[in-house]
file query_24.csv (CSV, C-alpha atoms)
chain,number,residue,atom,x,y,z
E,1,MET,CA,-85.9,-83.1,-112.3
E,2,TRP,CA,-83.5,-83.7,-115.2
E,3,ALA,CA,-84.0,-80.1,-116.4
E,4,ALA,CA,-83.1,-78.8,-112.9
E,5,ARG,CA,-80.0,-81.0,-112.8
E,6,GLY,CA,-79.0,-79.8,-116.2
E,7,LEU,CA,-79.5,-76.1,-115.1
E,8,THR,CA,-77.3,-76.7,-112.0
E,9,ALA,CA,-74.6,-78.3,-114.1
E,10,ALA,CA,-74.7,-75.3,-116.5
E,11,VAL,CA,-74.3,-72.9,-113.6
E,12,PHE,CA,-71.3,-74.8,-112.2
E,13,ALA,CA,-69.7,-74.9,-115.7
E,14,LEU,CA,-70.2,-71.1,-116.1
E,15,ALA,CA,-68.7,-70.5,-112.6
E,16,GLY,CA,-65.7,-72.6,-113.5
E,17,LEU,CA,-65.2,-70.7,-116.8
E,18,ILE,CA,-65.2,-67.4,-114.9
E,19,PHE,CA,-62.6,-68.7,-112.4
E,20,VAL,CA,-60.4,-69.9,-115.2
E,21,THR,CA,-60.7,-66.6,-117.1
E,22,SER,CA,-59.9,-64.6,-113.9
E,23,ALA,CA,-56.9,-66.7,-113.2
E,24,ASN,CA,-55.5,-66.3,-116.7
E,25,ALA,CA,-56.1,-62.5,-116.5
E,26,ALA,CA,-54.4,-62.2,-113.1
E,27,LYS,CA,-51.5,-64.4,-114.0
E,28,GLY,CA,-50.9,-65.0,-110.3
E,29,THR,CA,-51.1,-61.3,-109.3
E,30,ASP,CA,-53.5,-59.5,-107.0
E,31,LEU,CA,-56.1,-57.8,-109.2
E,32,ARG,CA,-57.0,-55.4,-106.3
E,33,SER,CA,-53.5,-54.2,-105.6
E,34,ASP,CA,-52.4,-50.7,-106.5
E,35,SER,CA,-49.1,-51.9,-108.1
E,36,SER,CA,-50.2,-50.6,-111.5
E,37,LEU,CA,-50.9,-47.2,-110.0
E,38,LEU,CA,-47.5,-47.2,-108.3
E,39,LYS,CA,-45.8,-48.1,-111.6
E,40,LEU,CA,-47.6,-45.3,-113.4
E,41,SER,CA,-46.6,-42.8,-110.7
E,42,ASP,CA,-43.0,-44.0,-111.0
E,43,LEU,CA,-43.2,-43.6,-114.8
E,44,ILE,CA,-44.5,-40.0,-114.5
E,45,ARG,CA,-41.7,-39.1,-112.1
E,46,GLU,CA,-39.1,-40.7,-114.3
E,47,ARG,CA,-40.4,-38.8,-117.4
E,48,SER,CA,-40.6,-35.6,-115.5
E,49,GLU,CA,-36.9,-35.9,-114.4
E,50,LYS,CA,-35.9,-36.8,-118.0
E,51,ASN,CA,-37.7,-33.7,-119.3
E,52,GLY,CA,-35.8,-31.7,-116.7
E,53,ARG,CA,-32.5,-33.0,-118.0
E,54,LEU,CA,-33.5,-32.4,-121.6
E,55,ASN,CA,-34.4,-28.8,-120.7
E,56,ASP,CA,-31.0,-28.3,-119.1
E,57,ALA,CA,-29.3,-29.7,-122.2
E,58,ALA,CA,-31.5,-27.4,-124.4
E,59,ALA,CA,-30.4,-24.4,-122.3
E,60,ALA,CA,-26.8,-25.3,-122.8
E,61,VAL,CA,-27.2,-25.5,-126.5
E,62,ARG,CA,-29.1,-22.2,-126.6
E,63,THR,CA,-26.2,-20.6,-124.8
E,64,ASP,CA,-23.8,-21.9,-127.5
E,65,ILE,CA,-26.1,-20.6,-130.2
E,66,ASP,CA,-26.3,-17.2,-128.5
E,67,ALA,CA,-22.5,-17.1,-128.4
E,68,LEU,CA,-22.3,-17.9,-132.1
E,69,ALA,CA,-24.9,-15.3,-132.9
E,70,GLN,CA,-22.8,-12.6,-131.3
E,71,ARG,CA,-20.2,-12.9,-134.0
E,72,ASP,CA,-20.3,-10.5,-136.9
E,73,ASP,CA,-23.0,-11.8,-139.2
E,74,GLY,CA,-23.5,-8.7,-141.3
E,75,SER,CA,-26.6,-7.5,-139.4
E,76,THR,CA,-27.0,-3.8,-138.6
E,77,GLU,CA,-27.2,-2.5,-135.0
E,78,ALA,CA,-30.9,-1.7,-135.6
E,79,GLU,CA,-31.5,-5.4,-136.6
E,80,ASP,CA,-29.6,-6.6,-133.5
E,81,ALA,CA,-31.6,-4.4,-131.2
E,82,LYS,CA,-34.8,-5.6,-132.8
E,83,LEU,CA,-33.8,-9.2,-132.3
E,84,LYS,CA,-32.9,-8.5,-128.7
E,85,ALA,CA,-36.2,-6.9,-128.0
E,86,LEU,CA,-38.0,-9.9,-129.6
E,87,GLU,CA,-36.0,-12.3,-127.4
E,88,LYS,CA,-37.0,-10.4,-124.3
E,89,ALA,CA,-40.7,-10.4,-125.3
E,90,ALA,CA,-40.5,-14.2,-126.0
E,91,GLY,CA,-39.2,-14.9,-122.6
E,92,THR,CA,-36.0,-16.5,-123.8
E,93,GLU,CA,-33.7,-13.9,-122.2
E,94,LYS,CA,-33.1,-13.7,-118.4
E,95,ILE,CA,-34.5,-10.6,-116.7
E,96,SER,CA,-33.7,-8.9,-113.4
E,97,GLY,CA,-35.4,-6.5,-111.1
E,98,GLY,CA,-37.8,-6.1,-108.2
E,99,SER,CA,-40.2,-8.9,-107.7
E,100,VAL,CA,-43.1,-10.4,-105.9
E,101,SER,CA,-43.4,-14.1,-105.0
E,102,VAL,CA,-46.6,-15.9,-104.1
E,103,THR,CA,-46.6,-19.3,-102.5
E,104,LEU,CA,-49.7,-21.5,-102.4
E,105,ASP,CA,-50.1,-24.7,-100.4
E,106,ASP,CA,-52.6,-27.3,-99.5
E,107,ALA,CA,-54.3,-27.2,-96.1
E,108,PRO,CA,-52.7,-29.3,-93.3
E,109,PRO,CA,-53.7,-33.0,-93.3
E,110,ASP,CA,-55.7,-32.6,-90.1
E,111,ALA,CA,-57.5,-29.4,-91.2
E,112,THR,CA,-60.9,-28.6,-89.9
E,113,ALA,CA,-63.2,-25.7,-90.4
E,114,ASN,CA,-62.7,-22.5,-88.5
E,115,PRO,CA,-65.7,-21.3,-86.4
E,116,GLY,CA,-68.5,-20.1,-88.6
E,117,TYR,CA,-67.6,-22.1,-91.7
E,118,PRO,CA,-69.1,-25.5,-92.9
E,119,GLU,CA,-67.0,-28.6,-92.6
E,120,PRO,CA,-64.7,-28.9,-95.6
E,121,GLN,CA,-65.0,-31.3,-98.5
E,122,PRO,CA,-61.8,-32.9,-99.9
E,123,ASN,CA,-61.7,-30.4,-102.8
E,124,ASP,CA,-61.8,-27.5,-100.4
E,125,LEU,CA,-58.4,-28.5,-98.9
E,126,VAL,CA,-56.2,-28.6,-102.0
E,127,ILE,CA,-54.8,-26.1,-104.5
E,128,HIS,CA,-56.6,-26.2,-107.9
E,129,GLN,CA,-55.6,-25.1,-111.4
E,130,GLN,CA,-57.8,-22.0,-111.2
E,131,ASP,CA,-56.0,-20.9,-108.0
E,132,LEU,CA,-52.6,-21.0,-109.7
E,133,GLN,CA,-54.0,-19.5,-112.9
E,134,ALA,CA,-55.6,-16.6,-110.9
E,135,VAL,CA,-52.2,-15.7,-109.4
E,136,VAL,CA,-50.5,-15.8,-112.8
E,137,ASN,CA,-53.2,-13.8,-114.5
E,138,ALA,CA,-53.2,-11.1,-111.7
E,139,LEU,CA,-49.4,-10.8,-112.0
E,140,TRP,CA,-49.6,-10.3,-115.7
E,141,GLN,CA,-52.3,-7.8,-115.2
E,142,GLY,CA,-50.0,-6.0,-112.7
E,143,GLY,CA,-47.4,-5.4,-115.4
E,144,ALA,CA,-45.1,-8.3,-114.8
E,145,ARG,CA,-42.2,-8.3,-117.2
E,146,GLY,CA,-41.6,-12.0,-116.6
E,147,ILE,CA,-43.1,-14.8,-114.5
E,148,GLN,CA,-41.6,-18.1,-113.2
E,149,VAL,CA,-43.7,-20.9,-111.8
E,150,MET,CA,-41.6,-23.2,-109.6
E,151,ASP,CA,-38.3,-23.3,-111.6
E,152,GLN,CA,-39.7,-22.7,-115.1
E,153,ARG,CA,-40.1,-19.4,-116.9
E,154,LEU,CA,-43.5,-18.9,-118.6
E,155,ILE,CA,-43.9,-17.8,-122.2
E,156,SER,CA,-46.9,-17.1,-124.4
E,157,THR,CA,-47.6,-20.7,-125.1
E,158,SER,CA,-47.2,-21.9,-121.5
E,159,ALA,CA,-50.2,-23.6,-119.9
E,160,VAL,CA,-50.7,-24.0,-116.2
E,161,ARG,CA,-52.5,-27.4,-115.8
E,162,CYS,CA,-53.3,-29.4,-112.7
E,163,VAL,CA,-54.5,-33.0,-112.3
E,164,GLY,CA,-55.9,-33.2,-108.9
E,165,ASN,CA,-53.5,-31.1,-106.8
E,166,THR,CA,-50.5,-32.0,-109.0
E,167,LEU,CA,-49.1,-29.3,-111.4
E,168,ILE,CA,-48.1,-30.3,-114.9
E,169,LEU,CA,-46.0,-27.6,-116.5
E,170,GLN,CA,-44.2,-27.9,-119.8
E,171,GLY,CA,-43.7,-31.6,-119.5
E,172,ARG,CA,-42.7,-31.7,-115.8
E,173,VAL,CA,-44.7,-32.6,-112.7
E,174,TYR,CA,-44.7,-30.7,-109.4
E,175,SER,CA,-46.4,-31.1,-106.0
E,176,PRO,CA,-47.4,-28.3,-103.6
E,177,PRO,CA,-46.3,-25.9,-102.2
E,178,TYR,CA,-46.3,-23.9,-105.5
E,179,LYS,CA,-44.2,-20.8,-105.9
E,180,VAL,CA,-44.9,-18.1,-108.5
E,181,THR,CA,-42.4,-15.3,-108.9
E,182,ALA,CA,-42.9,-12.2,-111.1
E,183,VAL,CA,-40.4,-9.5,-112.0
E,184,GLY,CA,-41.9,-6.0,-112.2
E,185,ASP,CA,-43.0,-3.1,-110.0
E,186,PRO,CA,-43.7,-4.7,-106.6
E,187,ASP,CA,-46.3,-2.2,-105.7
E,188,ARG,CA,-48.3,-2.7,-108.9
E,189,LEU,CA,-47.9,-6.5,-108.6
E,190,LYS,CA,-49.2,-6.6,-105.1
E,191,ARG,CA,-52.1,-4.2,-105.9
E,192,ALA,CA,-53.1,-6.5,-108.8
E,193,LEU,CA,-53.1,-9.5,-106.4
E,194,ASN,CA,-55.3,-7.6,-104.0
E,195,GLU,CA,-57.8,-6.5,-106.7
E,196,SER,CA,-58.3,-10.0,-108.2
E,197,SER,CA,-61.8,-11.3,-107.4
E,198,ALA,CA,-60.6,-14.9,-108.1
E,199,ILE,CA,-57.8,-14.5,-105.5
E,200,GLN,CA,-60.2,-12.9,-103.0
E,201,ASN,CA,-62.3,-16.1,-103.4
E,202,TYR,CA,-59.3,-18.2,-102.7
E,203,LEU,CA,-58.5,-16.2,-99.6
E,204,LEU,CA,-61.9,-17.2,-98.2
E,205,TYR,CA,-60.7,-20.8,-98.2
E,206,VAL,CA,-57.4,-19.7,-96.7
E,207,LYS,CA,-59.4,-18.2,-93.8
E,208,ALA,CA,-61.9,-21.0,-93.5
E,209,TYR,CA,-59.6,-24.1,-93.8
E,210,GLY,CA,-56.0,-23.0,-93.6
E,211,LEU,CA,-54.8,-23.2,-97.2
E,212,GLY,CA,-51.4,-21.8,-97.6
E,213,TRP,CA,-50.9,-18.2,-98.9
E,214,LYS,CA,-47.7,-16.2,-98.6
E,215,VAL,CA,-46.6,-13.0,-100.5
E,216,ASP,CA,-43.0,-12.0,-100.4
E,217,GLU,CA,-41.2,-9.0,-102.0
E,218,ASP,CA,-37.6,-8.9,-103.2
E,219,ARG,CA,-35.8,-5.9,-104.7
E,220,ALA,CA,-33.2,-7.9,-106.6
E,221,VAL,CA,-34.2,-11.1,-108.4
E,222,THR,CA,-33.1,-12.7,-111.7
E,223,LEU,CA,-35.4,-15.0,-113.7
E,224,PRO,CA,-33.7,-17.3,-116.1
E,225,GLY,CA,-34.8,-17.3,-119.8
E,226,TYR,CA,-37.1,-20.1,-121.1
E,227,SER,CA,-34.9,-22.9,-122.5
E,228,GLY,CA,-37.5,-25.2,-124.0
E,229,THR,CA,-38.9,-25.4,-127.5
E,230,VAL,CA,-40.7,-22.3,-128.8
E,231,ASP,CA,-42.3,-24.0,-131.8
E,232,LEU,CA,-46.0,-23.4,-132.3
E,233,HIS,CA,-48.1,-26.5,-132.9
E,234,TYR,CA,-51.5,-26.5,-134.6
E,235,ALA,CA,-54.0,-28.9,-136.0
E,236,ARG,CA,-54.5,-29.6,-139.7
E,237,PRO,CA,-57.5,-31.5,-141.2
E,238,VAL,CA,-56.8,-35.0,-142.4
E,239,GLN,CA,-56.7,-35.1,-146.2

call {"tool": "encode", "arguments": {"input": "query_24.csv", "output": "structure tokens"}}
result
Amino acid sequence: MWAARGLTAAVFALAGLIFVTSANAAKGTDLRSDSSLLKLSDLIRERSEKNGRLNDAAAAVRTDIDALAQRDDGSTEAEDAKLKALEKAAGTEKISGGSVSVTLDDAPPDATANPGYPEPQPNDLVIHQQDLQAVVNALWQGGARGIQVMDQRLISTSAVRCVGNTLILQGRVYSPPYKVTAVGDPDRLKRALNESSAIQNYLLYVKAYGLGWKVDEDRAVTLPGYSGTVDLHYARPVQ
């Protein structure tokens, strides 16, 4: 009997310890609330806006540097022409010409399967990284001279990454719809889109569940030059 009473007392003591620990951890807050997630979302949005302002400032400084570089620095015309060609290849110079724009979007909130298709899973109704990457790859394959995703120019080190259906590009965050614009021969660009097997797979979901897909052509578009850092970063072994 005394052993049973002792065990009961131990159980109540342990329960009390758990309650006290939980109260200290919560500090009067609701442990189940999503406030921390909301704070994280606000932080991401704030950092994205800050990165946008920094990019604008960097673009202004780059303009000043370009103006100074146009002064006579003793370089030859051949050297100036070579530098100009390198700037265009690097994507830091604006380019103009005919273009093709592709817009991708999530399915409507109340989307259901069209006749003949299975009911969709949540992942079937949103844009994924591979969808955006397929469009970018096809446009490069079609001879694009420059590509812009949303309001940012792509360069050789640009990476199109998505977390869920949120795009993270060069330190900034975007939500759908996503617009990709490429300057080049519109006929070649559209043909490359049509010939991409990855895009053909995406179009099946467009037909089945109503994901957004729109291709526009424009004969006179100017893409701004990339204004962010062009430094290459790489890993070194720890000594």

call {"tool": "closest_residue", "arguments": {"input": "query_24.csv", "among": "E:Ile199, E:Val136, E:Ile127, E:Ala182", "to": "Ser158 in chain E", "atoms": "only C-alpha atoms"}}
result
E:Val136

call {"tool": "atom_distance", "arguments": {"input": "query_24.csv", "atom1": "CA of Gly225 in chain E", "atom2": "CA of Ala144 in chain E"}}
result
14.6 Å

call {"tool": "closest_residue", "arguments": {"input": "query_24.csv", "among": "E:Ser101, E:Thr92, E:Asn137, E:Gln129", "to": "Met150 in chain E", "atoms": "all atoms listed in the file"}}
result
E:Ser101

call {"tool": "closest_residue", "arguments": {"input": "query_24.csv", "among": "E:Arg236, E:Lys94, E:Arg145, E:His128", "to": "Leu223 in chain E", "atoms": "all atoms listed in the file"}}
result
E:Lys94

call {"tool": "atom_distance", "arguments": {"input": "query_24.csv", "atom1": "CA of Val180 in chain E", "atom2": "CA of Asp216 in chain E"}}
result
10.3 Å

call {"tool": "atom_distance", "arguments": {"input": "query_24.csv", "atom1": "CA of Asp105 in chain E", "atom2": "CA of Thr181 in chain E"}}
result
14.8 Å

call {"tool": "residues_near_point", "arguments": {"input": "query_24.csv", "point": "(-53.7, -24.0, -96.0)", "cutoff": "12 Å", "atoms": "only C-alpha atoms", "output": "JSON, numbers by chain"}}
result
{"E": [103, 104, 105, 106, 107, 108, 109, 110, 111, 112, 113, 114, 124, 125, 126, 127, 176, 177, 202, 203, 204, 205, 206, 207, 208, 209, 210, 211, 212, 213, 214]}

call {"tool": "residues_near_point", "arguments": {"input": "query_24.csv", "point": "(-50.3, -4.0, -106.3)", "cutoff": "10 Å", "atoms": "all atoms listed in the file", "output": "PDB file with C-alpha atoms, keeping the file's coordinate frame"}}
result
ATOM      1  CA  VAL E 100     -43.100 -10.400-105.900  1.00  0.00           C
ATOM      2  CA  ALA E 138     -53.200 -11.100-111.700  1.00  0.00           C
ATOM      3  CA  LEU E 139     -49.400 -10.800-112.000  1.00  0.00           C
ATOM      4  CA  GLN E 141     -52.300  -7.800-115.200  1.00  0.00           C
ATOM      5  CA  GLY E 142     -50.000  -6.000-112.700  1.00  0.00           C
ATOM      6  CA  GLY E 143     -47.400  -5.400-115.400  1.00  0.00           C
ATOM      7  CA  ASP E 185     -43.000  -3.100-110.000  1.00  0.00           C
ATOM      8  CA  PRO E 186     -43.700  -4.700-106.600  1.00  0.00           C
ATOM      9  CA  ASP E 187     -46.300  -2.200-105.700  1.00  0.00           C
ATOM     10  CA  ARG E 188     -48.300  -2.700-108.900  1.00  0.00           C
ATOM     11  CA  LEU E 189     -47.900  -6.500-108.600  1.00  0.00           C
ATOM     12  CA  LYS E 190     -49.200  -6.600-105.100  1.00  0.00           C
ATOM     13  CA  ARG E 191     -52.100  -4.200-105.900  1.00  0.00           C
ATOM     14  CA  ALA E 192     -53.100  -6.500-108.800  1.00  0.00           C
ATOM     15  CA  LEU E 193     -53.100  -9.500-106.400  1.00  0.00           C
ATOM     16  CA  ASN E 194     -55.300  -7.600-104.000  1.00  0.00           C
ATOM     17  CA  GLU E 195     -57.800  -6.500-106.700  1.00  0.00           C
TER      18      GLU E 195
END

call {"tool": "closest_residue", "arguments": {"input": "query_24.csv", "among": "E:Gly116, E:Gly98, E:Pro237, E:Pro122", "to": "Thr222 in chain E", "atoms": "only C-alpha atoms"}}
result
E:Gly98
